[in-house]
>>> print(open('structure.cif').read())   # mmCIF, C-alpha atoms and all ligand atoms
data_model
loop_
_atom_site.label_atom_id
_atom_site.label_comp_id
_atom_site.auth_asym_id
_atom_site.auth_seq_id
_atom_site.Cartn_x
_atom_site.Cartn_y
_atom_site.Cartn_z
CA MET B 1 59.15 235.71 -15.15
CA SER B 2 59.06 231.99 -14.54
CA GLN B 3 59.18 232.54 -10.80
CA SER B 4 56.93 229.56 -10.26
CA ALA B 5 59.74 227.15 -11.23
CA PHE B 6 61.94 228.60 -8.44
CA ALA B 7 59.70 229.14 -5.42
CA PHE B 8 59.98 228.90 -1.63
CA VAL B 9 58.33 225.95 0.09
CA ASP B 10 58.35 226.25 3.91
CA GLY B 11 61.16 228.79 3.77
CA VAL B 12 63.38 226.73 1.44
CA LEU B 13 63.96 227.63 -2.21
CA HIS B 14 63.02 224.85 -4.60
CA ALA B 15 63.74 224.26 -8.27
CA GLU B 16 60.46 222.64 -9.34
CA GLY B 17 60.15 219.75 -6.83
CA VAL B 18 63.75 219.70 -5.60
CA SER B 19 65.13 221.78 -2.72
CA ALA B 20 68.13 224.00 -3.37
CA VAL B 21 69.66 222.71 -0.13
CA SER B 22 69.67 219.13 -1.36
CA LEU B 23 71.00 220.18 -4.78
CA ALA B 24 73.93 222.00 -3.14
CA GLU B 25 74.64 219.06 -0.82
CA GLN B 26 74.50 216.53 -3.62
CA PHE B 27 76.34 218.42 -6.37
CA GLY B 28 78.37 221.10 -4.56
CA THR B 29 78.61 224.82 -5.21
CA PRO B 30 78.86 226.99 -7.22
CA LEU B 31 76.10 225.23 -9.15
CA TYR B 32 74.00 226.27 -12.11
CA VAL B 33 70.46 224.93 -11.83
CA TYR B 34 68.01 224.99 -14.76
CA SER B 35 64.32 224.16 -14.77
CA ARG B 36 62.99 222.16 -17.68
CA ALA B 37 59.48 223.47 -16.98
CA ALA B 38 60.64 227.10 -17.08
CA LEU B 39 62.56 226.57 -20.35
CA THR B 40 59.50 224.89 -21.84
CA GLN B 41 57.10 227.57 -20.65
CA ALA B 42 59.17 230.43 -22.09
CA TYR B 43 59.72 228.69 -25.43
CA GLN B 44 56.04 227.76 -25.69
CA ALA B 45 55.05 231.39 -25.16
CA TYR B 46 56.85 232.14 -28.45
CA ALA B 47 55.71 228.97 -30.22
CA ASN B 48 52.05 229.36 -29.21
CA ALA B 49 51.96 232.98 -30.40
CA CYS B 50 53.49 231.85 -33.73
CA ALA B 51 51.10 228.91 -34.17
CA GLY B 52 48.91 229.29 -37.24
CA ARG B 53 50.97 232.25 -38.47
CA ARG B 54 53.82 232.31 -40.97
CA ALA B 55 56.38 232.60 -38.19
CA SER B 56 59.07 230.50 -36.59
CA VAL B 57 61.35 230.56 -33.57
CA HIS B 58 65.14 230.12 -33.72
CA VAL B 59 66.55 229.94 -30.21
CA ALA B 60 69.84 231.86 -29.89
CA VAL B 61 72.33 229.20 -28.84
CA LYS B 62 74.88 231.64 -27.41
CA ALA B 63 72.62 232.53 -24.46
CA ASN B 64 72.84 228.97 -23.10
CA SER B 65 74.44 226.25 -25.18
CA ASN B 66 74.28 223.31 -22.77
CA LEU B 67 73.27 220.23 -24.76
CA ALA B 68 70.43 219.37 -22.38
CA VAL B 69 69.02 222.89 -22.69
CA LEU B 70 69.23 222.79 -26.51
CA ASN B 71 67.70 219.31 -26.46
CA VAL B 72 64.67 220.54 -24.47
CA PHE B 73 64.09 223.14 -27.20
CA ALA B 74 64.81 220.69 -30.05
CA ARG B 75 62.22 218.27 -28.67
CA LEU B 76 59.69 221.11 -28.74
CA GLY B 77 60.46 221.65 -32.43
CA ALA B 78 62.62 224.77 -32.10
CA GLY B 79 64.96 226.08 -34.75
CA PHE B 80 68.27 227.63 -33.69
CA ASP B 81 70.38 230.73 -34.29
CA ILE B 82 74.13 230.08 -34.17
CA VAL B 83 77.19 232.33 -34.29
CA SER B 84 79.95 229.72 -34.82
CA SER B 85 80.47 226.24 -36.24
CA GLY B 86 81.02 225.11 -32.65
CA GLU B 87 77.45 226.09 -31.91
CA LEU B 88 76.32 224.22 -35.05
CA ALA B 89 78.03 221.10 -33.70
CA ARG B 90 76.18 221.56 -30.40
CA VAL B 91 72.82 221.97 -32.16
CA LEU B 92 73.35 218.76 -34.14
CA ALA B 93 74.58 216.87 -31.05
CA ALA B 94 71.50 218.03 -29.15
CA GLY B 95 69.06 216.75 -31.78
CA GLY B 96 68.44 220.06 -33.59
CA LYS B 97 68.26 220.24 -37.37
CA ALA B 98 70.61 222.15 -39.67
CA GLU B 99 67.71 222.99 -41.97
CA ASN B 100 66.08 224.86 -39.07
CA THR B 101 69.27 226.72 -38.15
CA VAL B 102 70.30 230.23 -39.16
CA PHE B 103 73.97 231.26 -39.01
CA SER B 104 74.59 234.78 -37.65
CA GLY B 105 77.82 236.55 -36.74
CA VAL B 106 80.07 239.26 -38.11
CA GLY B 107 83.24 237.21 -38.73
CA LYS B 108 82.50 233.75 -40.14
CA SER B 109 85.64 231.93 -41.30
CA ALA B 110 85.77 230.06 -44.62
CA GLY B 111 85.98 226.81 -42.65
CA GLU B 112 82.84 227.66 -40.69
CA MET B 113 81.00 228.51 -43.91
CA ARG B 114 82.06 225.19 -45.41
CA GLU B 115 80.82 223.21 -42.40
CA ALA B 116 77.50 225.06 -42.34
CA LEU B 117 76.98 224.61 -46.09
CA ALA B 118 77.81 220.92 -45.87
CA ALA B 119 75.33 220.51 -42.99
CA GLY B 120 72.68 222.42 -44.96
CA VAL B 121 71.79 225.37 -42.75
CA LYS B 122 68.62 227.30 -43.54
CA CYS B 123 70.22 230.73 -43.99
CA PHE B 124 73.45 232.68 -43.58
CA ASN B 125 72.88 236.09 -42.00
CA VAL B 126 75.61 238.07 -43.75
CA GLU B 127 76.96 241.40 -42.52
CA SER B 128 79.27 242.80 -45.23
CA ILE B 129 80.27 242.65 -48.92
CA PRO B 130 83.60 240.89 -48.17
CA GLU B 131 81.60 238.26 -46.29
CA LEU B 132 79.27 237.85 -49.31
CA ASP B 133 82.36 237.42 -51.53
CA ARG B 134 83.82 234.80 -49.21
CA LEU B 135 80.57 232.87 -48.92
CA ASN B 136 80.07 232.95 -52.70
CA ALA B 137 83.58 231.58 -53.24
CA VAL B 138 83.18 228.84 -50.62
CA ALA B 139 79.79 227.83 -52.07
CA ALA B 140 81.26 227.77 -55.60
CA SER B 141 84.14 225.55 -54.47
CA MET B 142 81.58 223.07 -53.12
CA GLY B 143 79.26 223.30 -56.13
CA LYS B 144 76.52 224.67 -53.86
CA THR B 145 74.29 227.72 -53.56
CA ALA B 146 74.19 229.43 -50.17
CA PRO B 147 70.90 230.87 -48.87
CA VAL B 148 71.56 234.40 -47.59
CA SER B 149 69.94 237.21 -45.74
CA LEU B 150 71.62 240.54 -45.00
CA ARG B 151 71.74 241.81 -41.46
CA VAL B 152 70.74 245.42 -41.87
CA ASN B 153 71.49 248.01 -39.26
CA PRO B 154 68.22 249.90 -38.92
CA ASP B 155 69.83 252.61 -36.76
CA VAL B 156 67.18 252.57 -34.05
CA ASP B 157 67.89 253.18 -30.38
CA PRO B 158 66.90 250.12 -28.32
CA LYS B 159 67.34 252.06 -25.06
CA THR B 160 69.55 249.43 -23.46
CA HIS B 161 73.13 249.19 -22.13
CA PRO B 162 75.69 250.35 -24.76
CA TYR B 163 77.54 247.01 -24.66
CA ILE B 164 74.38 245.12 -25.58
CA SER B 165 72.98 247.63 -28.06
CA THR B 166 73.79 246.48 -31.58
CA GLY B 167 71.54 248.36 -34.03
CA LEU B 168 73.04 251.86 -33.89
CA LYS B 169 75.29 253.32 -36.59
CA ALA B 170 78.33 253.22 -34.33
CA ASN B 171 78.07 249.43 -33.78
CA LYS B 172 80.28 246.89 -35.57
CA PHE B 173 77.23 244.87 -36.58
CA GLY B 174 75.24 244.79 -39.78
CA VAL B 175 75.18 246.54 -43.15
CA ALA B 176 74.51 250.28 -42.86
CA PHE B 177 70.93 251.09 -43.78
CA ASP B 178 72.00 253.48 -46.55
CA ASP B 179 74.23 250.80 -48.14
CA ALA B 180 71.74 247.94 -47.84
CA ARG B 181 70.02 248.28 -51.22
CA ALA B 182 73.33 248.28 -53.10
CA THR B 183 74.59 245.37 -50.99
CA TYR B 184 71.47 243.37 -51.91
CA ARG B 185 72.18 244.09 -55.60
CA ALA B 186 75.72 242.78 -55.09
CA ALA B 187 74.40 239.65 -53.36
CA ALA B 188 71.84 239.02 -56.10
CA SER B 189 74.58 239.18 -58.75
CA MET B 190 76.72 236.49 -57.11
CA PRO B 191 76.10 233.14 -58.84
CA ASN B 192 76.47 230.90 -55.79
CA LEU B 193 74.28 232.94 -53.44
CA HIS B 194 70.50 232.85 -53.22
CA VAL B 195 68.90 235.80 -51.43
CA VAL B 196 66.09 234.55 -49.20
CA GLY B 197 65.54 237.17 -46.51
CA ILE B 198 66.44 240.22 -44.50
CA ASP B 199 67.33 240.43 -40.84
CA CYS B 200 68.25 242.70 -37.98
CA HIS B 201 69.13 242.33 -34.31
CA ILE B 202 68.95 245.64 -32.53
CA GLY B 203 70.28 244.78 -29.08
CA SER B 204 69.56 242.85 -25.94
CA GLN B 205 67.53 243.24 -22.75
CA ILE B 206 65.08 245.49 -24.60
CA THR B 207 61.99 246.03 -22.47
CA GLU B 208 59.78 247.95 -24.91
CA ILE B 209 58.12 246.89 -28.16
CA SER B 210 58.46 250.28 -29.90
CA PRO B 211 62.14 249.92 -31.00
CA TYR B 212 61.16 246.67 -32.74
CA LEU B 213 58.29 248.36 -34.57
CA ASP B 214 60.67 251.12 -35.68
CA ALA B 215 63.19 248.52 -36.88
CA VAL B 216 60.52 246.54 -38.74
CA ASP B 217 59.29 249.71 -40.48
CA ARG B 218 62.82 250.43 -41.67
CA LEU B 219 63.25 246.83 -42.92
CA LEU B 220 59.92 246.86 -44.77
CA GLU B 221 60.90 250.10 -46.50
CA LEU B 222 64.01 248.31 -47.76
CA VAL B 223 62.15 245.12 -48.68
CA GLU B 224 59.99 247.14 -51.09
CA GLN B 225 63.08 248.68 -52.70
CA ILE B 226 64.90 245.33 -52.96
CA GLU B 227 61.88 243.69 -54.58
CA ALA B 228 61.56 246.65 -56.98
CA ASP B 229 65.13 245.75 -57.99
CA GLY B 230 63.93 242.24 -58.82
CA THR B 231 65.10 240.25 -55.77
CA LYS B 232 62.47 238.34 -53.81
CA ILE B 233 62.52 238.49 -50.00
CA HIS B 234 60.87 235.42 -48.46
CA HIS B 235 61.46 236.04 -44.79
CA ILE B 236 61.95 238.85 -42.30
CA ASP B 237 64.11 237.97 -39.29
CA VAL B 238 63.47 240.41 -36.45
CA GLY B 239 66.35 239.08 -34.32
CA GLY B 240 66.29 238.53 -30.58
CA GLY B 241 66.76 240.89 -27.71
CA LEU B 242 63.53 240.83 -25.74
CA GLY B 243 64.34 241.63 -22.11
CA ILE B 244 63.46 239.80 -18.90
CA GLN B 245 62.77 240.85 -15.35
CA TYR B 246 66.02 240.89 -13.36
CA ASP B 247 64.90 243.54 -10.88
CA THR B 248 62.05 245.96 -11.43
CA GLU B 249 61.96 245.90 -15.24
CA THR B 250 58.57 245.30 -16.83
CA PRO B 251 59.26 243.68 -20.21
CA PRO B 252 56.29 242.98 -22.45
CA ASP B 253 54.68 239.57 -22.25
CA ILE B 254 56.28 237.26 -24.87
CA GLY B 255 52.97 236.36 -26.53
CA GLU B 256 51.93 240.00 -26.74
CA PHE B 257 55.33 240.94 -28.19
CA VAL B 258 55.10 238.29 -30.92
CA LYS B 259 51.49 239.09 -31.75
CA THR B 260 52.13 242.85 -31.91
CA LEU B 261 55.02 242.39 -34.35
CA LEU B 262 53.18 239.89 -36.55
CA ASP B 263 50.05 242.08 -36.64
CA HIS B 264 52.16 245.12 -37.49
CA ILE B 265 53.84 243.31 -40.40
CA ASP B 266 50.42 242.06 -41.57
CA ALA B 267 48.93 245.54 -41.38
CA ARG B 268 51.78 246.91 -43.48
CA GLY B 269 50.84 244.41 -46.23
CA HIS B 270 53.72 241.98 -45.64
CA GLY B 271 51.81 239.17 -43.94
CA HIS B 272 52.69 236.74 -46.75
CA ARG B 273 56.33 236.70 -45.64
CA GLU B 274 57.64 234.34 -42.98
CA VAL B 275 58.80 236.06 -39.78
CA PHE B 276 61.70 234.66 -37.73
CA PHE B 277 62.27 235.34 -34.04
CA GLU B 278 65.70 234.69 -32.46
CA PRO B 279 65.15 234.79 -28.68
CA GLY B 280 67.99 233.95 -26.31
CA ARG B 281 67.71 235.65 -22.93
CA SER B 282 63.91 235.63 -22.89
CA VAL B 283 63.74 231.82 -23.19
CA THR B 284 66.59 230.85 -20.85
CA GLY B 285 67.34 233.77 -18.50
CA ASN B 286 64.75 233.13 -15.83
CA ALA B 287 64.94 229.37 -16.26
CA GLY B 288 68.23 229.22 -14.35
CA ILE B 289 69.78 230.19 -11.03
CA LEU B 290 73.32 230.01 -9.68
CA LEU B 291 73.69 228.53 -6.19
CA THR B 292 76.66 229.71 -4.14
CA ARG B 293 77.75 229.32 -0.53
CA VAL B 294 78.91 232.10 1.78
CA GLU B 295 82.57 231.48 2.70
CA PHE B 296 83.11 234.44 5.03
CA LEU B 297 81.35 237.53 6.25
CA LYS B 298 83.81 240.39 6.35
CA PRO B 299 82.58 243.51 8.10
CA GLY B 300 84.30 246.74 7.05
CA GLU B 301 84.32 250.41 7.96
CA GLU B 302 82.49 251.50 4.86
CA LYS B 303 81.11 248.24 3.56
CA ASN B 304 80.31 244.74 4.68
CA PHE B 305 81.34 241.97 2.34
CA ALA B 306 79.79 238.56 1.89
CA ILE B 307 82.53 236.52 0.25
CA VAL B 308 80.95 233.64 -1.64
CA ASP B 309 82.33 230.66 -3.57
CA ALA B 310 81.02 231.89 -6.96
CA ALA B 311 82.92 234.66 -8.73
CA MET B 312 83.15 236.73 -11.87
CA ASN B 313 84.60 233.73 -13.69
CA ASP B 314 81.34 231.86 -12.98
CA LEU B 315 78.95 234.74 -13.69
CA ALA B 316 80.56 237.57 -15.64
CA ARG B 317 77.55 239.83 -16.21
CA PRO B 318 77.90 242.02 -13.10
CA ALA B 319 81.61 242.68 -13.76
CA MET B 320 81.10 243.06 -17.50
CA TYR B 321 77.90 245.13 -17.73
CA GLN B 322 77.28 246.22 -14.13
CA ALA B 323 74.30 243.89 -14.49
CA PHE B 324 71.87 243.35 -11.62
CA HIS B 325 70.97 239.85 -10.46
CA ALA B 326 68.61 239.34 -7.54
CA ILE B 327 70.37 237.47 -4.72
CA GLU B 328 68.57 235.79 -1.84
CA PRO B 329 69.25 233.20 0.84
CA ALA B 330 68.05 229.76 -0.26
CA VAL B 331 66.78 229.21 3.31
CA THR B 332 65.06 232.15 4.97
CA ARG B 333 66.58 232.98 8.32
CA ASP B 334 64.81 234.73 11.16
CA ALA B 335 67.64 237.16 11.92
CA ALA B 336 68.58 240.80 11.44
CA ALA B 337 69.54 241.72 7.89
CA HIS B 338 72.66 243.73 7.07
CA VAL B 339 73.80 245.41 3.88
CA TYR B 340 76.51 243.49 2.01
CA ASP B 341 78.42 243.58 -1.21
CA VAL B 342 78.32 240.00 -2.45
CA VAL B 343 81.77 239.27 -3.91
CA GLY B 344 83.79 236.31 -5.14
CA PRO B 345 87.31 235.07 -4.29
CA VAL B 346 88.91 236.24 -7.58
CA CYS B 347 91.75 238.77 -7.29
CA GLU B 348 89.99 241.67 -9.02
CA SER B 349 88.05 244.56 -7.53
CA GLY B 350 85.62 244.03 -10.40
CA ASP B 351 84.79 240.61 -8.96
CA TRP B 352 81.39 241.31 -7.50
CA LEU B 353 78.01 239.68 -7.97
CA GLY B 354 75.74 242.11 -6.16
CA ARG B 355 76.16 245.46 -4.42
CA ASP B 356 74.43 246.87 -1.34
CA ARG B 357 72.17 243.89 -0.77
CA GLN B 358 70.07 243.59 2.36
CA LEU B 359 70.66 240.01 3.52
CA ALA B 360 70.03 238.03 6.73
CA ILE B 361 72.91 235.55 6.40
CA GLU B 362 75.73 233.77 8.20
CA ALA B 363 78.89 232.09 6.95
CA GLY B 364 78.03 228.75 5.39
CA ASP B 365 74.62 229.85 4.17
CA LEU B 366 73.47 229.05 0.67
CA LEU B 367 72.53 231.92 -1.67
CA ALA B 368 70.61 231.83 -4.93
CA ILE B 369 71.59 234.24 -7.69
CA ARG B 370 68.53 234.62 -9.86
CA SER B 371 68.07 234.99 -13.60
CA ALA B 372 71.35 233.23 -14.36
CA GLY B 373 70.10 230.98 -17.18
CA ALA B 374 71.23 233.31 -20.00
CA TYR B 375 74.81 234.52 -20.54
CA GLY B 376 75.74 232.78 -17.30
CA PHE B 377 77.64 229.52 -17.65
CA VAL B 378 78.38 230.21 -21.33
CA MET B 379 80.46 233.26 -20.41
CA SER B 380 82.28 231.53 -17.55
CA SER B 381 86.05 231.11 -17.65
CA ASN B 382 88.87 229.46 -15.76
CA TYR B 383 90.41 232.72 -14.55
CA ASN B 384 92.40 232.14 -11.34
CA THR B 385 92.48 228.44 -12.34
CA ARG B 386 88.97 227.97 -11.07
CA PRO B 387 87.23 224.88 -12.46
CA ARG B 388 83.92 225.80 -14.02
CA ALA B 389 80.74 225.02 -12.10
CA ALA B 390 78.56 221.99 -12.66
CA GLU B 391 75.21 222.42 -14.41
CA VAL B 392 72.12 220.56 -13.26
CA MET B 393 68.68 220.40 -14.85
CA VAL B 394 65.66 219.75 -12.69
CA ASP B 395 62.69 217.99 -14.24
CA GLY B 396 59.84 217.65 -11.73
CA ASN B 397 61.27 215.79 -8.75
CA ASP B 398 64.44 214.67 -10.54
CA ALA B 399 67.77 216.45 -10.87
CA HIS B 400 70.17 215.52 -13.67
CA VAL B 401 73.80 216.60 -13.92
CA VAL B 402 73.94 217.98 -17.47
CA ARG B 403 77.57 219.11 -17.23
CA ALA B 404 80.01 217.72 -14.72
CA ARG B 405 82.04 220.09 -12.58
CA GLU B 406 85.52 220.56 -14.03
CA ASN B 407 88.52 219.45 -12.04
CA VAL B 408 91.86 221.23 -11.84
CA LYS B 409 93.74 218.51 -13.76
CA ASP B 410 91.49 219.04 -16.80
CA LEU B 411 92.37 222.70 -16.78
CA PHE B 412 96.02 222.23 -17.68
CA ALA B 413 95.74 218.92 -19.52
CA GLY B 414 96.63 220.64 -22.82
CA GLU B 415 99.65 222.51 -21.45
CA THR B 416 103.29 221.43 -21.63
CA VAL B 417 106.58 222.76 -20.33
CA LEU B 418 109.64 223.31 -22.53
CA PRO B 419 111.94 220.24 -22.97
CA LYS B 420 115.02 222.09 -21.62
C1 LIG B 501 72.69 237.38 -29.23
C2 LIG B 501 71.81 237.28 -30.42
C3 LIG B 501 70.47 236.91 -30.28
C4 LIG B 501 69.83 236.64 -28.93
O1 LIG B 501 69.75 237.81 -28.19
P1 LIG B 501 68.93 237.84 -26.80
O2 LIG B 501 69.12 239.23 -26.33
O3 LIG B 501 69.56 236.85 -25.90
O4 LIG B 501 67.52 237.50 -27.11
C5 LIG B 501 69.71 236.78 -31.42
N1 LIG B 501 70.23 237.03 -32.65
C6 LIG B 501 71.52 237.40 -32.82
C7 LIG B 501 72.03 237.64 -34.18
C8 LIG B 501 72.36 237.54 -31.72
O5 LIG B 501 73.62 237.92 -31.89
#
>>> encode(input="structure.cif", output="structure tokens", more="lines below")
Ligand SMILES: *Cc1c(COP(=O)(O)O)cnc(C)c1O
Amino acid sequence: MSQSAFAFVDGVLHAEGVSAVSLAEQFGTPLYVYSRAALTQAYQAYANACAGRRASVHVAVKANSNLAVLNVFARLGAGFDIVSSGELARVLAAGGKAENTVFSGVGKSAGEMREALAAGVKCFNVESIPELDRLNAVAASMGKTAPVSLRVNPDVDPKTHPYISTGLKANKFGVAFDDARATYRAAASMPNLHVVGIDCHIGSQITEISPYLDAVDRLLELVEQIEADGTKIHHIDVGGGLGIQYDTETPPDIGEFVKTLLDHIDARGHGHREVFFEPGRSVTGNAGILLTRVEFLKPGEEKNFAIVDAAMNDLARPAMYQAFHAIEPAVTRDAAAHVYDVVGPVCESGDWLGRDRQLAIEAGDLLAIRSAGAYGFVMSSNYNTRPRAAEVMVDGNDAHVVRARENVKDLFAGETVLPK
């Protein structure tokens, strides 16, 4: 956990060299704050473990797609994993390269395929035969050959929340393991496709290495069958999904995770293949916090509520997955703590950010919601006509607004009323 980027100095939380109090005063709340140093440190843990090996890192854009965040990774030489042509546009705008970008996702449109082929992406991660057919037709219409990999569902249990587990038989994702060999034969027979790899993505917030080793074993079994059928597999994409510490989880160290997987693939006699990693949460999650101010304290018979100015529209993970985020006052207060549910102003009982939290706070205090750098701002909405928060990136002693706070006028700028 990149705790060091967000640490207390004389009782005041700082993002690198900048105090959370001054950030909130200058830019308002709710406010997403990212640390360039923390993003860099997490990415480098992957990149350093891959150095000198046949391995590369494709950062999953959907975890945090702010241009400044993508640009930090692009400057470090990262590749990217995208799930829409919108994300491709962001990668290119942020200085990333199409030839280092892999295109994942279960429902790519013909238009998205065309844009990605024109840009020259490195690989399409395809999930079904109809998708292979569509990609082959699009590539043929452009006089191109599309590089493809099949996302295989290895049917391993990642031991995570059902909404973020993706590699079980009952999930919508991937080609069923038992159908994969035949699907590879179909892909190899299509004239405008070029099979280059195999991939999987078994879930998210996985805090053990063993499900990955199980998945890799299943993939390697298939690779041997596919090559026996005469199709060469150049790369193995092990997906993303490595967990982070939100609370008391103890995820493996990133470097150890990478090394264990690469050594395992080597030991199985597949070390000549390139290995792709697609981390999202583990490179951005603990590089961001969400600052929010307490509007009211509302004592109740059964529960005390701290009503804050951030809500489920700003950070959806608690409402969506019952996810835990650590919450703490940005300025430590020498007062008695009480137990609060930390909730937002949105008109939904599901609008909560933390439950049963021991906090020494008063109205007007500033709170920091930790581990908000992944699946935070990107999942935010305008529900209740709430303008989305600003995003700031701290770099040493400097803070840069990397996305301006929305204003209400922008929110209905595209709407019109009937003429009569
Ligand atoms: C979401 C996703 C990732 C990133 O997952 P994390 O859990 O954030 O690491 C990687 N690859 C694919 C295909 C994804 O859909």
>>> residues_around(input="structure.cif", residues="B:Thr207", least_positions_apart="6", cutoff="12 Å", atoms="all atoms listed in the file", output="list in words")
Pro158, Lys159, Thr160, His161, Gly240, Gly241, Leu242, Gly243, Ile244, Gln245, Tyr246, Thr248, Glu249, Thr250, Pro251, Pro252, Asp253, Ile254, Phe257, Arg281 and Ser282 of chain B
>>> residues_near_ligand(input="structure.cif", ligand="ligand LIG 501 (chain B)", cutoff="10 Å", atoms="all atoms listed in the file", output="ChimeraX atom specification")
/B:58-64,80-83,102-106,125,151,164-166,173-174,199-206,237-244,277-285,374-375
>>> closest_residue(input="structure.cif", among="B:Ala389, B:Val21, B:Val417, B:Val294", to="B:Ala360", atoms="all atoms listed in the file")
B:Val294
>>> residues_around(input="structure.cif", residues="B:Ala337", least_positions_apart="4", cutoff="10 Å", atoms="all atoms listed in the file", output="list of chain:residue names")
B:Arg333, B:Arg357, B:Gln358, B:Leu359, B:Ala360, B:Ile361
>>> residues_around(input="structure.cif", residues="stretch 5-14 of chain B", least_positions_apart="6", cutoff="9 Å", atoms="only C-alpha atoms", output="number ranges by chain")
B: 20-21, 35-38, 287-289, 329-333, 368
>>> closest_residue(input="structure.cif", among="B:Gly17, B:Gly52, B:Gly96, B:Gly376", to="B:Leu290", atoms="only C-alpha atoms")
B:Gly376
>>> closest_residue(input="structure.cif", among="B:Asn397, B:Ser141, B:Asn100, B:Thr183", to="B:Val126", atoms="only C-alpha atoms")
B:Thr183
>>> axis_aligned_box(input="structure.cif", around="stretch 41-54 of chain B", padding_each_side="4 Å", output="JSON")
{"center_x": 54.3, "center_y": 230.3, "center_z": -30.8, "size_x": 18.8, "size_y": 13.4, "size_z": 28.3}
>>> closest_residue(input="structure.cif", among="B:Ala42, B:Val223, B:Ala47, B:Val342", to="B:Val152", atoms="only C-alpha atoms")
B:Val223
>>> atom_distance(input="structure.cif", atom1="atom CA of B:Gly86", atom2="atom CA of B:Lys122")
16.6 Å
>>> residues_near_point(input="structure.cif", point="(49.6, 236.1, -34.9)", cutoff="8 Å", atoms="only C-alpha atoms", output="PyMOL selection string")
chain B and resi 49-53+258-260+262-263
>>> closest_residue(input="structure.cif", among="B:Asp217, B:Leu411, B:Asn286, B:Ser380", to="B:Ala15", atoms="all atoms listed in the file")
B:Asn286
>>> closest_residue(input="structure.cif", among="B:Leu291, B:Ile129, B:Met113, B:Ala55", to="B:Ile265", atoms="all atoms listed in the file")
B:Ala55
>>> atom_distance(input="structure.cif", atom1="atom CA of B:Glu274", atom2="atom CA of B:Arg185")
21.6 Å
>>> atom_distance(input="structure.cif", atom1="atom CA of B:Ala89", atom2="atom CA of B:His234")
26.8 Å
>>> residues_around(input="structure.cif", residues="stretch 382-384 of chain B", least_positions_apart="5", cutoff="12 Å", atoms="all atoms listed in the file", output="PyMOL selection string")
chain B and resi 311-316+344-348+351+377+389+406-408+410-412
